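Scroll down for the structure; my scribbles are underneath it.
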Amino acid sequence: MNQPEDASLADRFELFLRRNGLKFTSERNAILREVIAAEGLFEAEDLLVILKGKGIKTSRATVYRVLELLCRAAILRKVCLGEAHIHFQKISEQPRLERMICLKCGDIREFQVAGLDQIHRDICRQNDFTLTDYCFQLFGFCRKCAGD
């Protein structure tokens with residue numbers, strides 16, 4: 001964790017844990033460091049392989065529990081790509097990308113929707129609801145597969 005942003009994520013996570021009566025253990029810290037280093041989408045199993053490759057002993061259940069905590073702390077978001085398992089992605093200040101996923105070939109196309117965040121905030125405000133994240137993905141068939 002070299003950058004101030006990384007330190008602030010660690011501070012945010014530690015504060016979240018403390019507020020929820022949980023400890024910032026060495027295992028949680030190791031998992032957080034790998035999450036911070038991750039680029040793009042990743043799976044829990046990918047993280048487990050990286051940790052084991054670095055000699056960090058942790059269980060699969062611990063990795064999944066910490067990823068859930070990181071989602072609840074608004075550091076990660078879950079991304080469903082129409083598969084039986086979940087991918088994860090860091091929540092960042094970059095413009096949010098939504099996805100179109102072809103159900104036949106698995107092609108993923110990313111796009112932006114101007115104003116979608118504001119629409120969600122308005123809906124939540126009108127319904128006295130606190131939004132932590134959302135998932136907007138389109139499933140269907142790409143041009144190539146639709147013609148098959």
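All residue names refer to the structure tokens as shown: chains lettered A, B, ... in order, residues numbered from 1 in each chain, ligands numbered from 1 in order.
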
Legend entry - 10 Å contact set for range 55-59 of chain A, only C-alpha atoms, chain neighbours under 3 positions out, as a PyMOL selection string: chain A and resi 26-28+30-31+48-52+62-65

Inset, instruction - Go through range 10-142 of chain A and collect every residue that DSSP, computed from the backbone, puts in helix (DSSP H, G or I); the answer should be as number ranges by chain. - result: A: 10-19, 26-37, 44-53, 60-72, 116-126

Legend entry - CA of Asp122 in chain A to CA of Ala73 in chain A, distance in Å rounded to a single decimal: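 CA of Ala73 in chain A lies at a distance of 21.8 Å from CA of Asp122 in chain A.
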
Selection near Val113 in chain A, 10 Å with only C-alpha atoms, sequence-local residues under 6 positions removed, as a short mmCIF file (atom, residue, chain, number, x, y, z; two decimals) with N, CA and C atoms, in the first residue's frame:
data_model
loop_
_atom_site.label_atom_id
_atom_site.label_comp_id
_atom_site.auth_asym_id
_atom_site.auth_seq_id
_atom_site.Cartn_x
_atom_site.Cartn_y
_atom_site.Cartn_z
N PRO A 95 -15.31 6.82 -13.95
CA PRO A 95 -16.69 6.66 -14.41
C PRO A 95 -17.08 5.19 -14.41
N ARG A 96 -18.26 4.93 -13.97
CA ARG A 96 -18.74 3.56 -13.85
C ARG A 96 -19.06 3.00 -15.24
N LEU A 97 -18.66 1.76 -15.46
CA LEU A 97 -18.95 1.09 -16.71
C LEU A 97 -19.99 0.01 -16.46
N GLU A 98 -21.00 -0.03 -17.29
CA GLU A 98 -22.01 -1.08 -17.24
C GLU A 98 -21.63 -2.11 -18.29
N PHE A 136 -26.12 -3.02 -12.97
CA PHE A 136 -26.89 -2.81 -14.19
C PHE A 136 -26.16 -3.52 -15.32
#
